[in-house]
Amino acid sequence: MTSTVPLNELGEFLRKRRSQLSPRTVGLPSTGRPRRAEGLRREEVAHLAAISTDYYTRLEQGRMQASAPVLDTIARVLHLGDDERGYQFQLAARTTVRTRRRGVQEVRSLLQRVLEGLTSIPALVQGRRGDILAWSALAAALVTDFSRIPAKHRTYPRLLFTIPAMRELHADWDTAAQVTVAQLRIEAAKYPEDPRLIALVGELFMRDKQFAQWWGDHRVAARPVGTKTLIHPVVGEVTLDCDTLTATTDPNQYMTVWTAASGSPAHDQLRVLASWAADQNLPTSSGWEA
């Protein structure tokens with residue numbers, strides 16, 4: 001029997017997005033009358049999408065599955081970005097596609113060899129749920145010694161919300177944490193029946209009020225590309241370029257790398273950190289342990 005949970009989650013997402021839009025934003029005239037709730041009404045979304053109010057209401061309530069053209073139109077009406085639009089379609093697809101049971105993820109041997117050759121660049125490989133599958137010694141020096149964390153807890157979202165040093169490390173922890181929650185939202189849409197993902201979200205929801213709030217916002221985001229500023233106990237404040245490379249052999253594994261332009265202060269700081277890491281004899285990973 002098909003579960004209605006995914007449909008309801010799609011409805012929650014649509015309600016949240018329409019509550020954040022005003023009639024003026026979507027080109028509707030103002031009536032001048034006070035509104036009982038912020039955002040667009042269901043009938044206004046239905047009008048703009050050229051569908052009946054009953055149809056849209058049933059969609060939000062999880063009693064109907066929309067066609068791709070209707071979802072596309074609703075995405076346009078609600079001004080969804082590319083990430084949000086993709087997330088909406090993933091939620092809708094969950095009603096007909098059952099998640100296949102997946103085994104323990106192991107880092108691809110090619111990615112492992114790449115990590116072992118990266119002596120001057122912090123890099124780590126993540127998998128589903130943000131599981132940290134492998135890392136370079138310099139990543140351990142920059143972020144944390146992942147080898148000291150039990151494998152079942154070695155998940156980036158969990159580290160970010162449960163380890164106080166991770167909060168101190170990020171110059172803008174709030175932004176980093178919100179982006180992580182938004183990425184986890186996409187993972188939840190892709191793997192709705194993953195028991196470890198369900199357990200992770202449940203744990204963080206109960207442990208951290210900010211996580212619960214941001215999870216309820218239904219924000220979604222792709223893996224970020226840009227800069228990240230860290231306050232490191234050894235080299236001080238350092239701003240690095242951050243990028244994510246997805247493995248073509250397994251799109252559920254991706255490598256995050258932090259780099260700095262040659263000759264820049266950040267580049268010199270990485271060299272100092274690499275020397276410190278060598279003295280500490282920080283280990284690289286040997287892969288993911290179940």
# chains A, B, ... in the order shown; residues from 1 in each chain; ligands from 1

call {"tool": "residues_around", "arguments": {"residues": "Ile163 of chain A", "least_positions_apart": "3", "cutoff": "12 Å", "atoms": "only C-alpha atoms", "output": "number ranges by chain"}}
result
A: 143-144, 146, 149, 153-160, 166-170, 207-208

call {"tool": "residues_around", "arguments": {"residues": "Phe205 of chain A", "least_positions_apart": "6", "cutoff": "8 Å", "atoms": "only C-alpha atoms", "output": "number ranges by chain"}}
result
A: 211-212, 215

call {"tool": "residues_around", "arguments": {"residues": "Arg271 of chain A", "least_positions_apart": "5", "cutoff": "9 Å", "atoms": "only C-alpha atoms", "output": "list in words"}}
result
Ser120, Ala266 and Trp276 of chain A

call {"tool": "closest_residue", "arguments": {"among": "A:Ala134, A:Thr162, A:Ala140, A:Ala123", "to": "Thr244 of chain A", "atoms": "only C-alpha atoms"}}
result
A:Ala123

call {"tool": "closest_residue", "arguments": {"among": "A:Gln210, A:Gln178, A:Thr73, A:Asn8", "to": "Glu60 of chain A", "atoms": "only C-alpha atoms"}}
result
A:Asn8

call {"tool": "residues_around", "arguments": {"residues": "Val107 of chain A", "least_positions_apart": "6", "cutoff": "12 Å", "atoms": "only C-alpha atoms", "output": "NGL selection string"}}
result
:A and (113-115 or 124-128 or 131-135 or 247 or 249-255 or 285-290)

call {"tool": "write_last_selection", "arguments": {"atoms": "C-alpha atoms", "output": "PDB file, in the first residue's frame"}}
result
ATOM      1  CA  ARG A 113      43.701   6.987  -3.836  1.00  0.00           C
ATOM      2  CA  VAL A 114      43.059  10.639  -4.679  1.00  0.00           C
ATOM      3  CA  LEU A 115      42.760  11.477  -0.988  1.00  0.00           C
ATOM      4  CA  LEU A 124      36.960  14.523   2.542  1.00  0.00           C
ATOM      5  CA  VAL A 125      34.529  12.154   0.857  1.00  0.00           C
ATOM      6  CA  GLN A 126      30.927  12.096   1.996  1.00  0.00           C
ATOM      7  CA  GLY A 127      28.093   9.776   1.112  1.00  0.00           C
ATOM      8  CA  ARG A 128      24.405   9.487   1.892  1.00  0.00           C
ATOM      9  CA  ASP A 131      28.331  10.215   6.180  1.00  0.00           C
ATOM     10  CA  ILE A 132      32.073  10.885   6.218  1.00  0.00           C
ATOM     11  CA  LEU A 133      33.494   7.969   4.271  1.00  0.00           C
ATOM     12  CA  ALA A 134      37.119   9.059   3.953  1.00  0.00           C
ATOM     13  CA  TRP A 135      39.380  12.055   4.537  1.00  0.00           C
ATOM     14  CA  ALA A 247      31.961  10.844  -8.348  1.00  0.00           C
ATOM     15  CA  THR A 249      30.860   6.148 -10.741  1.00  0.00           C
ATOM     16  CA  ASP A 250      28.621   6.817  -7.740  1.00  0.00           C
ATOM     17  CA  PRO A 251      26.608  10.075  -7.635  1.00  0.00           C
ATOM     18  CA  ASN A 252      25.933   9.426  -3.947  1.00  0.00           C
ATOM     19  CA  GLN A 253      29.608  10.021  -3.130  1.00  0.00           C
ATOM     20  CA  TYR A 254      31.187  13.447  -3.356  1.00  0.00           C
ATOM     21  CA  MET A 255      34.508  14.961  -2.431  1.00  0.00           C
ATOM     22  CA  SER A 285      40.988   7.180   6.606  1.00  0.00           C
ATOM     23  CA  SER A 286      41.046   3.620   5.412  1.00  0.00           C
ATOM     24  CA  GLY A 287      37.406   3.717   4.371  1.00  0.00           C
ATOM     25  CA  TRP A 288      34.018   3.496   5.999  1.00  0.00           C
ATOM     26  CA  GLU A 289      33.407   1.004   8.748  1.00  0.00           C
ATOM     27  CA  ALA A 290      29.905  -0.233   9.398  1.00  0.00           C
TER      28      ALA A 290
END

call {"tool": "atom_distance", "arguments": {"atom1": "atom CA of Ala46 of chain A", "atom2": "atom CA of Ala66 of chain A"}}
result
12.6 Å

call {"tool": "closest_atom_pairs", "arguments": {"of": "segment 86-149 of chain A", "to": "segment 217-223 of chain A", "cutoff": "12 Å", "atoms": "only C-alpha atoms", "output": "Markdown table"}}
result
| residue | atom | partner | partner_atom | distance |
| --- | --- | --- | --- | --- |
| A:Gly86 | CA | A:Val220 | CA | 9.4 |
| A:Tyr87 | CA | A:Val220 | CA | 7.2 |
| A:Gln88 | CA | A:Val220 | CA | 9.8 |
| A:Gln90 | CA | A:Val220 | CA | 11.7 |
| A:Leu91 | CA | A:His218 | CA | 11.8 |
| A:Gln126 | CA | A:Arg223 | CA | 11.3 |
| A:Gly130 | CA | A:Arg223 | CA | 10.7 |

call {"tool": "write_last_selection", "arguments": {"atoms": "C-alpha atoms", "output": "compact mmCIF listing (two decimals), in the first residue's frame"}}
result
# COMPACT_ATOMS: atom_id res chain seq x y z
CA GLY A 86 13.95 19.62 -7.92
CA TYR A 87 13.03 18.92 -4.30
CA GLN A 88 9.33 19.34 -5.08
CA GLN A 90 11.47 14.38 -5.65
CA LEU A 91 8.75 14.58 -3.01
CA GLN A 126 30.93 12.10 2.00
CA GLY A 130 26.54 13.33 4.92

call {"tool": "select_by_dssp", "arguments": {"residues": "segment 73-287 of chain A", "states": "strand (DSSP E)", "output": "ChimeraX atom specification"}}
result
/A:123-126,132-135,226-232,236-247,250-259

call {"tool": "write_last_selection", "arguments": {"atoms": "C-alpha atoms", "output": "PDB file, in the first residue's frame"}}
result
ATOM      1  CA  ALA A 123      39.557  17.012   1.416  1.00  0.00           C
ATOM      2  CA  LEU A 124      36.960  14.523   2.542  1.00  0.00           C
ATOM      3  CA  VAL A 125      34.529  12.154   0.857  1.00  0.00           C
ATOM      4  CA  GLN A 126      30.927  12.096   1.996  1.00  0.00           C
ATOM      5  CA  ILE A 132      32.073  10.885   6.218  1.00  0.00           C
ATOM      6  CA  LEU A 133      33.494   7.969   4.271  1.00  0.00           C
ATOM      7  CA  ALA A 134      37.119   9.059   3.953  1.00  0.00           C
ATOM      8  CA  TRP A 135      39.380  12.055   4.537  1.00  0.00           C
ATOM      9  CA  GLY A 226      32.183  29.409  -2.519  1.00  0.00           C
ATOM     10  CA  THR A 227      34.300  30.391   0.450  1.00  0.00           C
ATOM     11  CA  LYS A 228      34.319  29.239   4.046  1.00  0.00           C
ATOM     12  CA  THR A 229      35.906  31.084   6.942  1.00  0.00           C
ATOM     13  CA  LEU A 230      37.128  29.030   9.876  1.00  0.00           C
ATOM     14  CA  ILE A 231      38.576  30.062  13.231  1.00  0.00           C
ATOM     15  CA  HIS A 232      41.260  27.434  13.672  1.00  0.00           C
ATOM     16  CA  GLY A 236      43.791  31.379  13.387  1.00  0.00           C
ATOM     17  CA  GLU A 237      41.151  32.790  11.045  1.00  0.00           C
ATOM     18  CA  VAL A 238      41.490  31.328   7.572  1.00  0.00           C
ATOM     19  CA  THR A 239      39.244  31.796   4.525  1.00  0.00           C
ATOM     20  CA  LEU A 240      39.349  29.001   1.966  1.00  0.00           C
ATOM     21  CA  ASP A 241      37.702  28.303  -1.366  1.00  0.00           C
ATOM     22  CA  CYS A 242      35.328  25.367  -1.090  1.00  0.00           C
ATOM     23  CA  ASP A 243      34.072  23.152  -3.886  1.00  0.00           C
ATOM     24  CA  THR A 244      32.356  19.786  -4.242  1.00  0.00           C
ATOM     25  CA  LEU A 245      33.200  17.126  -6.817  1.00  0.00           C
ATOM     26  CA  THR A 246      30.704  14.326  -7.450  1.00  0.00           C
ATOM     27  CA  ALA A 247      31.961  10.844  -8.348  1.00  0.00           C
ATOM     28  CA  ASP A 250      28.621   6.817  -7.740  1.00  0.00           C
ATOM     29  CA  PRO A 251      26.608  10.075  -7.635  1.00  0.00           C
ATOM     30  CA  ASN A 252      25.933   9.426  -3.947  1.00  0.00           C
ATOM     31  CA  GLN A 253      29.608  10.021  -3.130  1.00  0.00           C
ATOM     32  CA  TYR A 254      31.187  13.447  -3.356  1.00  0.00           C
ATOM     33  CA  MET A 255      34.508  14.961  -2.431  1.00  0.00           C
ATOM     34  CA  THR A 256      34.700  18.333  -0.699  1.00  0.00           C
ATOM     35  CA  VAL A 257      37.982  20.202  -1.103  1.00  0.00           C
ATOM     36  CA  TRP A 258      39.256  23.391   0.518  1.00  0.00           C
ATOM     37  CA  THR A 259      41.936  25.287  -1.395  1.00  0.00           C
TER      38      THR A 259
END

call {"tool": "select_by_dssp", "arguments": {"residues": "segment 127-231 of chain A", "states": "helix (DSSP H, G or I)", "output": "PyMOL selection string"}}
result
chain A and resi 128-130+137-142+146-148+151-153+156-162+164-169+173-190+195-207+209-216

call {"tool": "residues_around", "arguments": {"residues": "Ser19 of chain A", "least_positions_apart": "4", "cutoff": "12 Å", "atoms": "only C-alpha atoms", "output": "list in words"}}
result
Glu12, Phe13, Leu14, Arg15, Pro23, Thr25, Arg35, Arg36, Ala37, Glu38, Gly39, Leu40, Arg41, Arg42, Glu44, Val45, Leu78, Asp217 and His218 of chain A

call {"tool": "write_last_selection", "arguments": {"atoms": "C-alpha atoms", "output": "PDB file, in the first residue's frame"}}
result
ATOM      1  CA  GLU A  12       3.838  20.920   4.033  1.00  0.00           C
ATOM      2  CA  PHE A  13       6.498  22.167   1.641  1.00  0.00           C
ATOM      3  CA  LEU A  14       3.921  23.890  -0.580  1.00  0.00           C
ATOM      4  CA  ARG A  15       2.184  25.487   2.406  1.00  0.00           C
ATOM      5  CA  PRO A  23      -0.002  38.906  -3.338  1.00  0.00           C
ATOM      6  CA  THR A  25       5.098  39.490  -5.095  1.00  0.00           C
ATOM      7  CA  ARG A  35      -5.630  38.848   5.860  1.00  0.00           C
ATOM      8  CA  ARG A  36      -6.080  36.214   8.546  1.00  0.00           C
ATOM      9  CA  ALA A  37      -2.741  34.601   7.720  1.00  0.00           C
ATOM     10  CA  GLU A  38       0.448  35.688   6.008  1.00  0.00           C
ATOM     11  CA  GLY A  39       1.211  34.618   2.483  1.00  0.00           C
ATOM     12  CA  LEU A  40      -0.920  33.484  -0.422  1.00  0.00           C
ATOM     13  CA  ARG A  41      -4.244  31.732   0.014  1.00  0.00           C
ATOM     14  CA  ARG A  42      -4.844  28.369  -1.593  1.00  0.00           C
ATOM     15  CA  GLU A  44      -4.815  32.438  -5.099  1.00  0.00           C
ATOM     16  CA  VAL A  45      -2.224  29.765  -5.886  1.00  0.00           C
ATOM     17  CA  LEU A  78       5.563  29.889  -5.948  1.00  0.00           C
ATOM     18  CA  ASP A 217      11.317  25.737   7.388  1.00  0.00           C
ATOM     19  CA  HIS A 218      11.548  23.200   4.529  1.00  0.00           C
TER      20      HIS A 218
END

call {"tool": "atom_distance", "arguments": {"atom1": "atom CA of Gln65 of chain A", "atom2": "atom CA of Ala92 of chain A"}}
result
7.1 Å

call {"tool": "residues_around", "arguments": {"residues": "Ala199 of chain A", "least_positions_apart": "4", "cutoff": "12 Å", "atoms": "only C-alpha atoms", "output": "list in words"}}
result
Arg129, Lys152, His153, Arg158, Ala188, Pro192, Glu193, Asp194, Pro195, Glu203, Leu204, Phe205 and Met206 of chain A

call {"tool": "decode", "arguments": {"residues": "segment 115-147 of chain A", "atoms": "N, CA, C and O atoms", "output": "PDB file, in the first residue's frame"}}
result
ATOM      1  N   LEU A 115      42.569  10.904  -2.320  1.00  0.00           N
ATOM      2  CA  LEU A 115      42.760  11.477  -0.988  1.00  0.00           C
ATOM      3  C   LEU A 115      44.175  11.231  -0.479  1.00  0.00           C
ATOM      4  O   LEU A 115      44.806  12.120   0.105  1.00  0.00           O
ATOM      5  N   GLU A 116      44.666  10.033  -0.679  1.00  0.00           N
ATOM      6  CA  GLU A 116      46.003   9.698  -0.193  1.00  0.00           C
ATOM      7  C   GLU A 116      47.079  10.524  -0.870  1.00  0.00           C
ATOM      8  O   GLU A 116      48.163  10.735  -0.315  1.00  0.00           O
ATOM      9  N   GLY A 117      46.797  11.020  -2.086  1.00  0.00           N
ATOM     10  CA  GLY A 117      47.771  11.851  -2.785  1.00  0.00           C
ATOM     11  C   GLY A 117      47.648  13.326  -2.474  1.00  0.00           C
ATOM     12  O   GLY A 117      48.514  14.120  -2.863  1.00  0.00           O
ATOM     13  N   LEU A 118      46.594  13.718  -1.746  1.00  0.00           N
ATOM     14  CA  LEU A 118      46.383  15.133  -1.424  1.00  0.00           C
ATOM     15  C   LEU A 118      47.045  15.447  -0.087  1.00  0.00           C
ATOM     16  O   LEU A 118      46.419  15.392   0.960  1.00  0.00           O
ATOM     17  N   THR A 119      48.318  15.782  -0.141  1.00  0.00           N
ATOM     18  CA  THR A 119      49.048  16.067   1.099  1.00  0.00           C
ATOM     19  C   THR A 119      48.977  17.531   1.494  1.00  0.00           C
ATOM     20  O   THR A 119      49.237  17.874   2.648  1.00  0.00           O
ATOM     21  N   SER A 120      48.618  18.411   0.557  1.00  0.00           N
ATOM     22  CA  SER A 120      48.604  19.844   0.858  1.00  0.00           C
ATOM     23  C   SER A 120      47.211  20.445   0.716  1.00  0.00           C
ATOM     24  O   SER A 120      47.053  21.661   0.769  1.00  0.00           O
ATOM     25  N   ILE A 121      46.193  19.593   0.546  1.00  0.00           N
ATOM     26  CA  ILE A 121      44.815  20.070   0.374  1.00  0.00           C
ATOM     27  C   ILE A 121      43.901  19.310   1.323  1.00  0.00           C
ATOM     28  O   ILE A 121      43.876  18.075   1.308  1.00  0.00           O
ATOM     29  N   PRO A 122      43.124  20.022   2.148  1.00  0.00           N
ATOM     30  CA  PRO A 122      42.124  19.342   2.964  1.00  0.00           C
ATOM     31  C   PRO A 122      40.991  18.836   2.065  1.00  0.00           C
ATOM     32  O   PRO A 122      40.468  19.579   1.237  1.00  0.00           O
ATOM     33  N   ALA A 123      40.630  17.591   2.232  1.00  0.00           N
ATOM     34  CA  ALA A 123      39.557  17.012   1.416  1.00  0.00           C
ATOM     35  C   ALA A 123      38.931  15.857   2.168  1.00  0.00           C
ATOM     36  O   ALA A 123      39.599  15.149   2.929  1.00  0.00           O
ATOM     37  N   LEU A 124      37.637  15.676   1.967  1.00  0.00           N
ATOM     38  CA  LEU A 124      36.960  14.523   2.542  1.00  0.00           C
ATOM     39  C   LEU A 124      35.877  14.050   1.586  1.00  0.00           C
ATOM     40  O   LEU A 124      35.364  14.810   0.775  1.00  0.00           O
ATOM     41  N   VAL A 125      35.567  12.771   1.688  1.00  0.00           N
ATOM     42  CA  VAL A 125      34.529  12.154   0.857  1.00  0.00           C
ATOM     43  C   VAL A 125      33.320  11.873   1.738  1.00  0.00           C
ATOM     44  O   VAL A 125      33.446  11.273   2.806  1.00  0.00           O
ATOM     45  N   GLN A 126      32.162  12.335   1.278  1.00  0.00           N
ATOM     46  CA  GLN A 126      30.927  12.096   1.996  1.00  0.00           C
ATOM     47  C   GLN A 126      29.974  11.272   1.128  1.00  0.00           C
ATOM     48  O   GLN A 126      30.066  11.271  -0.101  1.00  0.00           O
ATOM     49  N   GLY A 127      29.084  10.586   1.809  1.00  0.00           N
ATOM     50  CA  GLY A 127      28.093   9.776   1.112  1.00  0.00           C
ATOM     51  C   GLY A 127      26.695  10.173   1.519  1.00  0.00           C
ATOM     52  O   GLY A 127      26.433  11.335   1.845  1.00  0.00           O
ATOM     53  N   ARG A 128      25.778   9.212   1.497  1.00  0.00           N
ATOM     54  CA  ARG A 128      24.405   9.487   1.892  1.00  0.00           C
ATOM     55  C   ARG A 128      24.369   9.989   3.336  1.00  0.00           C
ATOM     56  O   ARG A 128      25.171   9.598   4.172  1.00  0.00           O
ATOM     57  N   ARG A 129      23.416  10.905   3.592  1.00  0.00           N
ATOM     58  CA  ARG A 129      23.216  11.488   4.933  1.00  0.00           C
ATOM     59  C   ARG A 129      24.369  12.383   5.355  1.00  0.00           C
ATOM     60  O   ARG A 129      24.409  12.842   6.483  1.00  0.00           O
ATOM     61  N   GLY A 130      25.352  12.598   4.499  1.00  0.00           N
ATOM     62  CA  GLY A 130      26.538  13.325   4.919  1.00  0.00           C
ATOM     63  C   GLY A 130      27.521  12.457   5.666  1.00  0.00           C
ATOM     64  O   GLY A 130      28.430  12.968   6.351  1.00  0.00           O
ATOM     65  N   ASP A 131      27.369  11.124   5.550  1.00  0.00           N
ATOM     66  CA  ASP A 131      28.331  10.215   6.180  1.00  0.00           C
ATOM     67  C   ASP A 131      29.735  10.520   5.679  1.00  0.00           C
ATOM     68  O   ASP A 131      29.953  10.663   4.474  1.00  0.00           O
ATOM     69  N   ILE A 132      30.688  10.627   6.586  1.00  0.00           N
ATOM     70  CA  ILE A 132      32.073  10.885   6.218  1.00  0.00           C
ATOM     71  C   ILE A 132      32.739   9.543   5.954  1.00  0.00           C
ATOM     72  O   ILE A 132      33.037   8.779   6.871  1.00  0.00           O
ATOM     73  N   LEU A 133      32.976   9.264   4.688  1.00  0.00           N
ATOM     74  CA  LEU A 133      33.494   7.969   4.271  1.00  0.00           C
ATOM     75  C   LEU A 133      35.014   7.911   4.292  1.00  0.00           C
ATOM     76  O   LEU A 133      35.591   6.849   4.490  1.00  0.00           O
ATOM     77  N   ALA A 134      35.655   9.035   4.024  1.00  0.00           N
ATOM     78  CA  ALA A 134      37.119   9.059   3.953  1.00  0.00           C
ATOM     79  C   ALA A 134      37.586  10.503   4.026  1.00  0.00           C
ATOM     80  O   ALA A 134      36.831  11.435   3.736  1.00  0.00           O
ATOM     81  N   TRP A 135      38.869  10.697   4.388  1.00  0.00           N
ATOM     82  CA  TRP A 135      39.380  12.055   4.537  1.00  0.00           C
ATOM     83  C   TRP A 135      40.892  12.046   4.414  1.00  0.00           C
ATOM     84  O   TRP A 135      41.563  11.043   4.600  1.00  0.00           O
ATOM     85  N   SER A 136      41.429  13.216   4.097  1.00  0.00           N
ATOM     86  CA  SER A 136      42.880  13.389   4.067  1.00  0.00           C
ATOM     87  C   SER A 136      43.360  13.819   5.450  1.00  0.00           C
ATOM     88  O   SER A 136      42.573  14.301   6.277  1.00  0.00           O
ATOM     89  N   ALA A 137      44.653  13.662   5.690  1.00  0.00           N
ATOM     90  CA  ALA A 137      45.210  14.058   6.986  1.00  0.00           C
ATOM     91  C   ALA A 137      44.998  15.546   7.232  1.00  0.00           C
ATOM     92  O   ALA A 137      44.728  15.974   8.357  1.00  0.00           O
ATOM     93  N   LEU A 138      45.101  16.354   6.176  1.00  0.00           N
ATOM     94  CA  LEU A 138      44.954  17.791   6.348  1.00  0.00           C
ATOM     95  C   LEU A 138      43.499  18.171   6.646  1.00  0.00           C
ATOM     96  O   LEU A 138      43.242  19.162   7.338  1.00  0.00           O
ATOM     97  N   ALA A 139      42.544  17.386   6.158  1.00  0.00           N
ATOM     98  CA  ALA A 139      41.144  17.617   6.515  1.00  0.00           C
ATOM     99  C   ALA A 139      40.923  17.346   7.995  1.00  0.00           C
ATOM    100  O   ALA A 139      40.185  18.067   8.675  1.00  0.00           O
ATOM    101  N   ALA A 140      41.565  16.291   8.503  1.00  0.00           N
ATOM    102  CA  ALA A 140      41.471  15.992   9.927  1.00  0.00           C
ATOM    103  C   ALA A 140      42.081  17.117  10.750  1.00  0.00           C
ATOM    104  O   ALA A 140      41.564  17.471  11.817  1.00  0.00           O
ATOM    105  N   ALA A 141      43.173  17.692  10.242  1.00  0.00           N
ATOM    106  CA  ALA A 141      43.815  18.802  10.955  1.00  0.00           C
ATOM    107  C   ALA A 141      42.964  20.061  10.895  1.00  0.00           C
ATOM    108  O   ALA A 141      42.905  20.834  11.855  1.00  0.00           O
ATOM    109  N   LEU A 142      42.282  20.270   9.776  1.00  0.00           N
ATOM    110  CA  LEU A 142      41.493  21.488   9.597  1.00  0.00           C
ATOM    111  C   LEU A 142      40.170  21.428  10.352  1.00  0.00           C
ATOM    112  O   LEU A 142      39.776  22.409  10.994  1.00  0.00           O
ATOM    113  N   VAL A 143      39.485  20.291  10.290  1.00  0.00           N
ATOM    114  CA  VAL A 143      38.128  20.192  10.842  1.00  0.00           C
ATOM    115  C   VAL A 143      38.138  19.510  12.207  1.00  0.00           C
ATOM    116  O   VAL A 143      37.858  20.120  13.229  1.00  0.00           O
ATOM    117  N   THR A 144      38.433  18.225  12.220  1.00  0.00           N
ATOM    118  CA  THR A 144      38.513  17.461  13.466  1.00  0.00           C
ATOM    119  C   THR A 144      39.131  16.108  13.146  1.00  0.00           C
ATOM    120  O   THR A 144      39.116  15.674  11.989  1.00  0.00           O
ATOM    121  N   ASP A 145      39.654  15.447  14.148  1.00  0.00           N
ATOM    122  CA  ASP A 145      40.236  14.117  13.952  1.00  0.00           C
ATOM    123  C   ASP A 145      39.088  13.103  13.852  1.00  0.00           C
ATOM    124  O   ASP A 145      38.599  12.581  14.856  1.00  0.00           O
ATOM    125  N   PHE A 146      38.665  12.846  12.625  1.00  0.00           N
ATOM    126  CA  PHE A 146      37.507  11.981  12.394  1.00  0.00           C
ATOM    127  C   PHE A 146      37.723  10.571  12.921  1.00  0.00           C
ATOM    128  O   PHE A 146      36.758   9.878  13.257  1.00  0.00           O
ATOM    129  N   SER A 147      38.978  10.127  12.998  1.00  0.00           N
ATOM    130  CA  SER A 147      39.243   8.758  13.439  1.00  0.00           C
ATOM    131  C   SER A 147      38.858   8.549  14.892  1.00  0.00           C
ATOM    132  O   SER A 147      38.665   7.406  15.330  1.00  0.00           O
TER     133      SER A 147
END
